[in-house]
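Listing of my_file.txt, compact mmCIF, C-alpha atoms
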```txt
# COMPACT_ATOMS: atom_id res chain seq x y z
CA GLY K 1 14.06 9.68 4.37
CA GLN K 2 13.59 6.10 3.39
CA GLN K 3 13.01 5.52 -0.30
CA VAL K 4 11.96 2.37 -2.09
CA MET K 5 12.53 2.32 -5.84
CA GLN K 6 10.65 -0.18 -7.97
CA ILE K 7 11.20 -1.09 -11.62
CA PRO K 8 9.86 -1.42 -14.19
CA GLN K 9 6.83 0.82 -13.88
CA TYR K 10 4.99 -1.03 -16.66
CA GLN K 11 5.39 -4.44 -18.24
CA HIS K 12 3.48 -6.11 -21.04
CA VAL K 13 4.02 -9.82 -21.54
CA GLN K 14 2.51 -12.52 -23.69
CA GLU K 15 0.61 -15.11 -21.73
CA GLY K 16 3.04 -17.85 -20.76
CA GLU K 17 6.07 -15.57 -20.55
CA ASP K 18 7.85 -14.87 -17.28
CA PHE K 19 7.76 -11.55 -15.40
CA THR K 20 10.00 -9.97 -12.78
CA THR K 21 9.73 -6.76 -10.78
CA TYR K 22 12.53 -5.37 -8.62
CA CYS K 23 12.66 -3.20 -5.51
CA ASN K 24 15.66 -1.35 -4.11
CA SER K 25 15.83 0.55 -0.84
CA SER K 26 18.20 3.35 0.11
CA THR K 27 18.39 1.90 3.64
CA THR K 28 18.51 -1.55 5.20
CA LEU K 29 15.03 -2.95 5.71
CA SER K 30 13.73 -4.95 8.65
CA ASN K 31 11.25 -6.64 6.35
CA ILE K 32 9.68 -6.28 2.95
CA GLN K 33 6.14 -7.09 1.92
CA TRP K 34 4.55 -7.57 -1.48
CA TYR K 35 1.02 -6.59 -2.42
CA LYS K 36 -1.13 -7.04 -5.53
CA GLN K 37 -3.78 -4.60 -6.66
CA ARG K 38 -6.23 -5.72 -9.32
CA PRO K 39 -7.60 -3.01 -11.65
CA GLY K 40 -10.17 -0.95 -9.73
CA GLY K 41 -9.39 -2.78 -6.50
CA HIS K 42 -7.37 -2.31 -3.37
CA PRO K 43 -3.93 -3.70 -2.49
CA VAL K 44 -3.97 -7.24 -1.12
CA PHE K 45 -1.11 -8.74 0.86
CA LEU K 46 0.87 -11.49 -0.88
CA ILE K 47 3.87 -12.26 1.30
CA GLN K 48 6.42 -10.95 3.78
CA LEU K 49 10.18 -11.55 3.79
CA VAL K 50 12.24 -10.97 6.91
CA LYS K 51 15.55 -12.83 6.73
CA SER K 52 18.61 -11.95 4.68
CA GLY K 53 18.68 -14.02 1.47
CA GLU K 54 15.20 -15.40 2.10
CA VAL K 55 13.36 -17.04 -0.80
CA LYS K 56 9.66 -17.91 -0.68
CA LYS K 57 7.41 -19.47 -3.28
CA GLN K 58 3.68 -19.33 -3.84
CA LYS K 59 2.79 -21.57 -6.78
CA ARG K 60 4.18 -19.68 -9.82
CA LEU K 61 5.39 -16.70 -7.75
CA THR K 62 8.92 -16.56 -6.30
CA PHE K 63 9.94 -13.83 -3.86
CA GLN K 64 13.52 -13.03 -2.87
CA PHE K 65 15.08 -10.77 -0.25
CA GLY K 66 18.64 -9.68 -0.88
CA GLU K 67 21.58 -10.58 1.32
CA ALA K 68 22.02 -6.96 2.40
CA LYS K 69 18.25 -6.61 2.99
CA LYS K 70 18.15 -3.63 0.64
CA ASN K 71 16.58 -5.24 -2.40
CA SER K 72 13.88 -7.70 -3.30
CA SER K 73 12.28 -9.24 -6.35
CA LEU K 74 9.06 -10.93 -7.39
CA HIS K 75 9.21 -13.39 -10.27
CA ILE K 76 6.15 -14.91 -11.93
CA THR K 77 6.68 -17.99 -14.07
CA ALA K 78 4.42 -18.60 -17.08
CA THR K 79 2.10 -15.66 -16.59
CA GLN K 80 -1.65 -16.04 -16.86
CA THR K 81 -4.35 -13.44 -17.49
CA THR K 82 -5.29 -13.70 -13.81
CA ASP K 83 -1.87 -12.20 -12.96
CA VAL K 84 -2.91 -8.82 -14.38
CA GLY K 85 -2.60 -6.00 -11.87
CA THR K 86 -0.14 -3.75 -10.11
CA TYR K 87 2.46 -5.29 -7.83
CA PHE K 88 3.82 -3.21 -4.97
CA CYS K 89 6.70 -3.80 -2.64
CA ALA K 90 6.59 -2.17 0.80
CA GLY K 91 9.50 -1.83 3.17
CA ARG K 92 9.93 -1.00 6.83
CA THR K 93 13.04 -0.10 8.76
CA GLY K 94 13.61 -1.56 12.22
CA GLY K 95 11.34 -0.12 14.90
CA TYR K 96 10.01 2.39 12.42
CA GLN K 97 6.28 2.51 12.04
CA LYS K 98 6.16 3.99 8.57
CA VAL K 99 5.68 1.61 5.68
CA THR K 100 7.16 2.93 2.44
CA PHE K 101 5.72 1.60 -0.80
CA GLY K 102 7.41 1.41 -4.17
CA ILE K 103 5.55 3.05 -7.07
CA GLY K 104 4.39 -0.35 -8.28
CA THR K 105 4.77 -2.36 -11.47
CA LYS K 106 1.68 -2.56 -13.64
CA LEU K 107 1.54 -5.93 -15.38
CA GLN K 108 -0.49 -6.48 -18.53
CA VAL K 109 -0.79 -10.04 -19.86
CA ILE K 110 -1.68 -10.38 -23.53
CA PRO K 111 -3.67 -13.57 -24.23
CA ASN V 1 -15.87 -9.61 10.19
CA ALA V 2 -16.33 -6.73 7.75
CA GLY V 3 -12.58 -5.97 7.78
CA VAL V 4 -11.69 -2.36 6.91
CA THR V 5 -14.65 -0.24 5.86
CA GLN V 6 -14.23 3.08 4.09
CA THR V 7 -16.93 5.61 3.31
CA PRO V 8 -17.82 7.23 1.01
CA LYS V 9 -16.64 5.35 -2.10
CA PHE V 10 -16.84 8.46 -4.29
CA GLN V 11 -16.88 12.16 -3.46
CA VAL V 12 -16.75 15.38 -5.45
CA LEU V 13 -15.82 18.58 -3.62
CA LYS V 14 -15.38 22.18 -4.57
CA THR V 15 -12.14 23.95 -3.74
CA GLY V 16 -12.22 25.18 -0.15
CA GLN V 17 -14.81 22.72 1.10
CA SER V 18 -14.05 20.45 4.01
CA MET V 19 -14.98 16.84 4.51
CA THR V 20 -14.15 13.73 6.49
CA LEU V 21 -13.28 10.35 5.03
CA GLN V 22 -14.35 7.60 7.38
CA CYS V 23 -12.41 4.42 8.15
CA ALA V 24 -13.45 1.70 10.56
CA GLN V 25 -12.05 -1.75 11.26
CA ASP V 26 -13.53 -4.55 13.34
CA MET V 27 -10.40 -6.67 13.74
CA ASN V 28 -9.10 -4.96 16.91
CA HIS V 29 -6.06 -3.72 15.01
CA GLU V 30 -3.75 -1.34 16.84
CA TYR V 31 -2.15 0.14 13.75
CA MET V 32 -4.14 2.22 11.26
CA SER V 33 -2.97 4.42 8.41
CA TRP V 34 -4.08 6.52 5.47
CA TYR V 35 -2.51 6.44 2.01
CA ARG V 36 -3.19 8.34 -1.16
CA GLN V 37 -2.62 6.77 -4.55
CA ASP V 38 -1.78 8.87 -7.57
CA PRO V 39 -0.68 7.70 -11.06
CA GLY V 40 3.07 7.21 -11.17
CA MET V 41 3.42 7.95 -7.45
CA GLY V 42 2.47 4.67 -5.85
CA LEU V 43 0.99 4.71 -2.35
CA ARG V 44 2.10 7.58 -0.16
CA LEU V 45 1.55 7.61 3.59
CA ILE V 46 -0.45 10.57 4.89
CA HIS V 47 -0.89 9.83 8.61
CA TYR V 48 -0.76 6.79 10.82
CA SER V 49 -1.70 5.71 14.33
CA VAL V 50 -0.20 3.02 16.55
CA GLY V 51 -3.10 3.04 18.99
CA ALA V 52 -6.01 5.05 20.37
CA GLY V 53 -4.92 8.58 21.21
CA ILE V 54 -1.66 8.35 19.22
CA THR V 55 -1.16 9.70 15.72
CA ASP V 56 1.84 10.74 13.66
CA GLN V 57 2.63 12.21 10.26
CA GLY V 58 3.61 10.30 7.18
CA GLU V 59 5.21 11.52 3.94
CA VAL V 60 2.45 13.88 2.77
CA PRO V 61 0.50 15.17 5.82
CA ASN V 62 -0.12 18.77 4.76
CA GLY V 63 -3.79 19.65 4.35
CA TYR V 64 -4.99 16.61 6.31
CA ASN V 65 -5.88 16.01 9.96
CA VAL V 66 -6.51 12.77 11.80
CA SER V 67 -7.59 11.65 15.24
CA ARG V 68 -7.88 8.24 16.91
CA SER V 69 -10.35 8.36 19.75
CA THR V 70 -11.18 4.65 19.55
CA THR V 71 -9.35 1.54 18.38
CA GLU V 72 -11.91 0.99 15.62
CA ASP V 73 -12.08 4.39 13.91
CA PHE V 74 -9.52 6.55 12.14
CA PRO V 75 -11.14 9.42 10.20
CA LEU V 76 -9.20 11.61 7.78
CA ARG V 77 -10.22 15.26 7.58
CA LEU V 78 -9.59 17.57 4.67
CA LEU V 79 -9.69 21.06 6.12
CA SER V 80 -9.90 23.10 2.92
CA ALA V 81 -9.90 20.93 -0.18
CA ALA V 82 -7.58 21.75 -3.06
CA PRO V 83 -7.41 20.28 -6.59
CA SER V 84 -4.03 18.75 -5.65
CA GLN V 85 -5.91 16.52 -3.22
CA THR V 86 -7.76 14.79 -6.05
CA SER V 87 -6.72 11.18 -5.52
CA VAL V 88 -7.76 7.73 -4.41
CA TYR V 89 -7.50 7.35 -0.65
CA PHE V 90 -6.94 4.05 1.10
CA CYS V 91 -7.18 3.26 4.76
CA ALA V 92 -5.13 0.30 6.01
CA SER V 93 -4.75 -1.45 9.34
CA SER V 94 -2.67 -4.19 10.92
CA PHE V 95 -2.52 -6.14 14.18
CA GLY V 96 0.80 -4.95 15.43
CA GLN V 97 3.25 -2.35 14.38
CA ALA V 98 6.44 -3.26 12.61
CA ARG V 99 5.91 -6.76 11.31
CA GLU V 100 2.29 -7.31 10.40
CA LYS V 101 0.60 -7.30 7.02
CA LEU V 102 -1.69 -4.45 6.09
CA PHE V 103 -5.40 -4.91 5.41
CA PHE V 104 -6.74 -2.26 3.04
CA GLY V 105 -10.18 -0.77 2.69
CA SER V 106 -11.81 -0.53 -0.74
CA GLY V 107 -10.82 3.09 -1.20
CA THR V 108 -12.41 6.51 -1.67
CA GLN V 109 -12.13 8.26 -5.03
CA LEU V 110 -12.05 12.00 -4.35
CA SER V 111 -12.27 14.74 -6.96
CA VAL V 112 -11.73 18.37 -6.03
CA LEU V 113 -12.91 20.86 -8.63
```

What does the file become when written as structure tokens?
Amino acid sequence: GQQVMQIPQYQHVQEGEDFTTYCNSSTTLSNIQWYKQRPGGHPVFLIQLVKSGEVKKQKRLTFQFGEAKKNSSLHITATQTTDVGTYFCAGRTGGYQKVTFGIGTKLQVIP
Amino acid sequence: NAGVTQTPKFQVLKTGQSMTLQCAQDMNHEYMSWYRQDPGMGLRLIHYSVGAGITDQGEVPNGYNVSRSTTEDFPLRLLSAAPSQTSVYFCASSFGQAREKLFFGSGTQLSVL
């Protein structure tokens, strides 16, 4: 079945440092979504990527979808304490109704 | 709009007991799903539904039943609770099927003793 691997599982950074999390799928994805879950909260949608090689930015966050549509990354520039949480990628294959989540990357930002 | 509402927020069960986790959405979403979240395992799909009267299994369906009699409601039933079902359960919904973002409920923390 479809698998989505996500690394690293944990990341501690000093405030102001950059952060990147990576997702890799065993199969070609029709789209990939990114979610953020604050401690004690529920996942909240951040963005969706659909096209091969797509790059989207949201303020300090940059999202990329690989050319082969099998990998994706989320990069945060100059982290802040408000960035703390777990970041999940979620992939779907074409016409397939199941959304497969990566295990998430838990980000801790040290002030 | 209330969005996706899950009840209860916390539940403690004894092994062998049964219970139903409730999920309701008021956004007229066709797609609804249940996930469980365990440390180091991410979010794993239990069951999903693409519309009233239609349900299908996800990655980890054993021990759980679902039904979708209305567009709004998608309850998850634990038939005979086991300690391995101790987890945080999230219900999620979306407008369409393959391309839409998921809206999550606030979760149910379940402990089975």

- Surrounding residues of stretch 60-75 of chain K excluding itself and chain neighbours under 6 positions, 6 Å, only C-alpha atoms, as a ChimeraX atom specification: /K:19-25,28-29,52-54

Contacts between chain K and chain V, please, where a residue of chain V counts if it comes within 8 Å (with only C-alpha atoms); show its shortest atom pair and distance in Å to one decimal, rows by chain and ascending number, as a Markdown table.
```
| residue | atom | partner | partner_atom | distance |
| --- | --- | --- | --- | --- |
| V:Gly40 | CA | K:Ile103 | CA | 6.3 |
| V:Met41 | CA | K:Ile103 | CA | 5.4 |
| V:Gly42 | CA | K:Ile103 | CA | 3.7 |
| V:Leu43 | CA | K:Phe101 | CA | 5.9 |
| V:Arg44 | CA | K:Phe101 | CA | 7.0 |
| V:Leu45 | CA | K:Thr100 | CA | 7.4 |
| V:Tyr48 | CA | K:Lys98 | CA | 7.8 |
| V:Val50 | CA | K:Gln97 | CA | 7.9 |
| V:Gly58 | CA | K:Lys98 | CA | 6.9 |
| V:Phe90 | CA | K:His42 | CA | 7.8 |
| V:Gln97 | CA | K:Gln97 | CA | 6.2 |
| V:Ala98 | CA | K:Gln97 | CA | 5.8 |
| V:Arg99 | CA | K:Asn31 | CA | 7.3 |
| V:Lys101 | CA | K:Phe45 | CA | 6.6 |
| V:Leu102 | CA | K:Phe45 | CA | 6.8 |
| V:Phe103 | CA | K:Val44 | CA | 7.1 |
| V:Phe104 | CA | K:Pro43 | CA | 6.4 |
| V:Gly105 | CA | K:His42 | CA | 6.9 |
| V:Ser106 | CA | K:His42 | CA | 5.5 |
| V:Gly107 | CA | K:His42 | CA | 6.8 |
```

(message) Can you tell me which residues surround V:Ile54 at a distance of at most 10 Å, considering all atoms listed in the file, apart from same-chain residues fewer than 4 positions away, and format the answer as a PyMOL selection string?
(response) chain V and resi 31+48-50+66-69

The centre and edge lengths of an axis-aligned box containing all atoms of stretch 37-47 of chain V present in the file, extended by 4 Å on each side, are to be given in Å to one decimal, as AutoDock Vina command-line options.
```
--center_x 0.4 --center_y 7.6 --center_z -1.3 --size_x 14.0 --size_y 13.9 --size_z 27.8
```

Atom CA of V:Thr71 to atom CA of V:Ala52, distance in Å rounded to a single decimal:
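So the answer is 5.2 Å.
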
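Within a radius of 6 Å around (-5.2, -2.6, 13.7), the polymer residues are Asn28, His29, Glu30, Tyr31, Met32, Ser93, Ser94 and Phe95 of chain V, counting all atoms listed in the file.
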
As an exercise, work out the distance from atom CA of V:Thr5 to atom CA of V:Leu78 in Å and give it to one decimal place.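 Answer for the atom CA of V:Thr5 to atom CA of V:Leu78 separation: 18.6 Å.
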
Within-6 Å shell of (-2.7, 9.5, -4.7) in input frame, all atoms listed in the file, as a list in words:
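Those residues lying close to the given coordinates are Arg36, Gln37, Asp38, Ser87 and Val88 of chain V.
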
*Between atom CA of V:Asp56 and atom CA of V:Gln6, distance in Å (one decimal)*: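 Computed distance, atom CA of V:Asp56 to atom CA of V:Gln6, equals 20.2 Å.
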
**OP:** Determine, counting only C-alpha atoms, which protein, DNA and RNA residues have an atom within 6 Å of an atom of K:Asp18; residues of the same chain fewer than 6 positions away are not included. Present the result as a PyMOL selection string.
**Re:** chain K and resi 76-79

Assuming the input is short of atoms at stretch 51-62 of chain K, produce all heavy atoms for that part as a PDB file, in the coordinates of the input.
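Below is the file rebuild-v7.pdb, written as the result:
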```
ATOM      1  N   LYS K  51      14.153 -12.428   6.560  1.00  0.00           N
ATOM      2  CA  LYS K  51      15.550 -12.830   6.730  1.00  0.00           C
ATOM      3  C   LYS K  51      16.392 -12.491   5.515  1.00  0.00           C
ATOM      4  O   LYS K  51      15.918 -12.555   4.364  1.00  0.00           O
ATOM      5  CB  LYS K  51      15.628 -14.324   6.991  1.00  0.00           C
ATOM      6  CG  LYS K  51      14.905 -14.768   8.243  1.00  0.00           C
ATOM      7  CD  LYS K  51      14.957 -16.274   8.372  1.00  0.00           C
ATOM      8  CE  LYS K  51      14.177 -16.757   9.590  1.00  0.00           C
ATOM      9  NZ  LYS K  51      14.142 -18.221   9.689  1.00  0.00           N
ATOM     10  N   SER K  52      17.651 -12.195   5.744  1.00  0.00           N
ATOM     11  CA  SER K  52      18.610 -11.950   4.680  1.00  0.00           C
ATOM     12  C   SER K  52      18.699 -13.157   3.759  1.00  0.00           C
ATOM     13  O   SER K  52      18.842 -14.288   4.241  1.00  0.00           O
ATOM     14  CB  SER K  52      19.982 -11.664   5.302  1.00  0.00           C
ATOM     15  OG  SER K  52      20.989 -11.640   4.333  1.00  0.00           O
ATOM     16  N   GLY K  53      18.588 -12.932   2.441  1.00  0.00           N
ATOM     17  CA  GLY K  53      18.680 -14.020   1.470  1.00  0.00           C
ATOM     18  C   GLY K  53      17.465 -14.914   1.390  1.00  0.00           C
ATOM     19  O   GLY K  53      17.484 -15.924   0.681  1.00  0.00           O
ATOM     20  N   GLU K  54      16.386 -14.547   2.044  1.00  0.00           N
ATOM     21  CA  GLU K  54      15.200 -15.400   2.100  1.00  0.00           C
ATOM     22  C   GLU K  54      14.557 -15.534   0.721  1.00  0.00           C
ATOM     23  O   GLU K  54      14.508 -14.575  -0.047  1.00  0.00           O
ATOM     24  CB  GLU K  54      14.196 -14.824   3.092  1.00  0.00           C
ATOM     25  CG  GLU K  54      13.019 -15.739   3.404  1.00  0.00           C
ATOM     26  CD  GLU K  54      12.205 -15.243   4.584  1.00  0.00           C
ATOM     27  OE1 GLU K  54      12.365 -14.087   5.011  1.00  0.00           O
ATOM     28  OE2 GLU K  54      11.380 -16.035   5.089  1.00  0.00           O
ATOM     29  N   VAL K  55      14.086 -16.743   0.429  1.00  0.00           N
ATOM     30  CA  VAL K  55      13.360 -17.040  -0.800  1.00  0.00           C
ATOM     31  C   VAL K  55      12.073 -17.761  -0.415  1.00  0.00           C
ATOM     32  O   VAL K  55      12.116 -18.729   0.341  1.00  0.00           O
ATOM     33  CB  VAL K  55      14.175 -17.911  -1.774  1.00  0.00           C
ATOM     34  CG1 VAL K  55      13.341 -18.225  -3.023  1.00  0.00           C
ATOM     35  CG2 VAL K  55      15.480 -17.228  -2.160  1.00  0.00           C
ATOM     36  N   LYS K  56      10.947 -17.261  -0.935  1.00  0.00           N
ATOM     37  CA  LYS K  56       9.660 -17.910  -0.680  1.00  0.00           C
ATOM     38  C   LYS K  56       8.927 -18.113  -1.994  1.00  0.00           C
ATOM     39  O   LYS K  56       9.059 -17.282  -2.907  1.00  0.00           O
ATOM     40  CB  LYS K  56       8.802 -17.073   0.272  1.00  0.00           C
ATOM     41  CG  LYS K  56       9.271 -17.091   1.711  1.00  0.00           C
ATOM     42  CD  LYS K  56       8.251 -16.415   2.612  1.00  0.00           C
ATOM     43  CE  LYS K  56       8.648 -16.511   4.067  1.00  0.00           C
ATOM     44  NZ  LYS K  56       7.655 -15.871   4.964  1.00  0.00           N
ATOM     45  N   LYS K  57       8.166 -19.192  -2.063  1.00  0.00           N
ATOM     46  CA  LYS K  57       7.410 -19.470  -3.280  1.00  0.00           C
ATOM     47  C   LYS K  57       5.936 -19.628  -2.960  1.00  0.00           C
ATOM     48  O   LYS K  57       5.557 -20.201  -1.938  1.00  0.00           O
ATOM     49  CB  LYS K  57       7.950 -20.737  -3.954  1.00  0.00           C
ATOM     50  CG  LYS K  57       9.359 -20.591  -4.503  1.00  0.00           C
ATOM     51  CD  LYS K  57       9.761 -21.788  -5.355  1.00  0.00           C
ATOM     52  CE  LYS K  57      11.147 -21.566  -5.970  1.00  0.00           C
ATOM     53  NZ  LYS K  57      11.542 -22.650  -6.888  1.00  0.00           N
ATOM     54  N   GLN K  58       5.120 -19.124  -3.880  1.00  0.00           N
ATOM     55  CA  GLN K  58       3.680 -19.330  -3.840  1.00  0.00           C
ATOM     56  C   GLN K  58       3.279 -19.752  -5.249  1.00  0.00           C
ATOM     57  O   GLN K  58       3.131 -18.915  -6.130  1.00  0.00           O
ATOM     58  CB  GLN K  58       2.927 -18.056  -3.463  1.00  0.00           C
ATOM     59  CG  GLN K  58       3.055 -17.622  -2.036  1.00  0.00           C
ATOM     60  CD  GLN K  58       2.269 -16.347  -1.760  1.00  0.00           C
ATOM     61  OE1 GLN K  58       1.783 -15.674  -2.665  1.00  0.00           O
ATOM     62  NE2 GLN K  58       2.143 -15.989  -0.481  1.00  0.00           N
ATOM     63  N   LYS K  59       3.149 -21.033  -5.465  1.00  0.00           N
ATOM     64  CA  LYS K  59       2.790 -21.570  -6.780  1.00  0.00           C
ATOM     65  C   LYS K  59       3.751 -21.028  -7.839  1.00  0.00           C
ATOM     66  O   LYS K  59       4.934 -21.348  -7.824  1.00  0.00           O
ATOM     67  CB  LYS K  59       1.338 -21.251  -7.107  1.00  0.00           C
ATOM     68  CG  LYS K  59       0.354 -21.907  -6.139  1.00  0.00           C
ATOM     69  CD  LYS K  59      -1.085 -21.620  -6.520  1.00  0.00           C
ATOM     70  CE  LYS K  59      -2.024 -22.284  -5.529  1.00  0.00           C
ATOM     71  NZ  LYS K  59      -3.453 -21.997  -5.839  1.00  0.00           N
ATOM     72  N   ARG K  60       3.308 -20.199  -8.760  1.00  0.00           N
ATOM     73  CA  ARG K  60       4.180 -19.680  -9.820  1.00  0.00           C
ATOM     74  C   ARG K  60       4.939 -18.416  -9.421  1.00  0.00           C
ATOM     75  O   ARG K  60       5.712 -17.876 -10.212  1.00  0.00           O
ATOM     76  CB  ARG K  60       3.317 -19.378 -11.063  1.00  0.00           C
ATOM     77  CG  ARG K  60       2.685 -20.616 -11.683  1.00  0.00           C
ATOM     78  CD  ARG K  60       1.796 -20.244 -12.893  1.00  0.00           C
ATOM     79  NE  ARG K  60       0.632 -19.465 -12.459  1.00  0.00           N
ATOM     80  CZ  ARG K  60       0.513 -18.153 -12.633  1.00  0.00           C
ATOM     81  NH1 ARG K  60       1.471 -17.468 -13.233  1.00  0.00           N
ATOM     82  NH2 ARG K  60      -0.573 -17.542 -12.232  1.00  0.00           N
ATOM     83  N   LEU K  61       4.740 -17.928  -8.200  1.00  0.00           N
ATOM     84  CA  LEU K  61       5.390 -16.700  -7.750  1.00  0.00           C
ATOM     85  C   LEU K  61       6.575 -17.041  -6.847  1.00  0.00           C
ATOM     86  O   LEU K  61       6.449 -17.844  -5.928  1.00  0.00           O
ATOM     87  CB  LEU K  61       4.396 -15.835  -6.969  1.00  0.00           C
ATOM     88  CG  LEU K  61       3.436 -14.942  -7.737  1.00  0.00           C
ATOM     89  CD1 LEU K  61       2.517 -15.740  -8.653  1.00  0.00           C
ATOM     90  CD2 LEU K  61       2.636 -14.068  -6.790  1.00  0.00           C
ATOM     91  N   THR K  62       7.720 -16.395  -7.122  1.00  0.00           N
ATOM     92  CA  THR K  62       8.920 -16.560  -6.300  1.00  0.00           C
ATOM     93  C   THR K  62       9.367 -15.191  -5.806  1.00  0.00           C
ATOM     94  O   THR K  62       9.545 -14.274  -6.610  1.00  0.00           O
ATOM     95  CB  THR K  62      10.059 -17.223  -7.090  1.00  0.00           C
ATOM     96  OG1 THR K  62       9.631 -18.488  -7.578  1.00  0.00           O
ATOM     97  CG2 THR K  62      11.285 -17.414  -6.201  1.00  0.00           C
TER      98      THR K  62
END
```
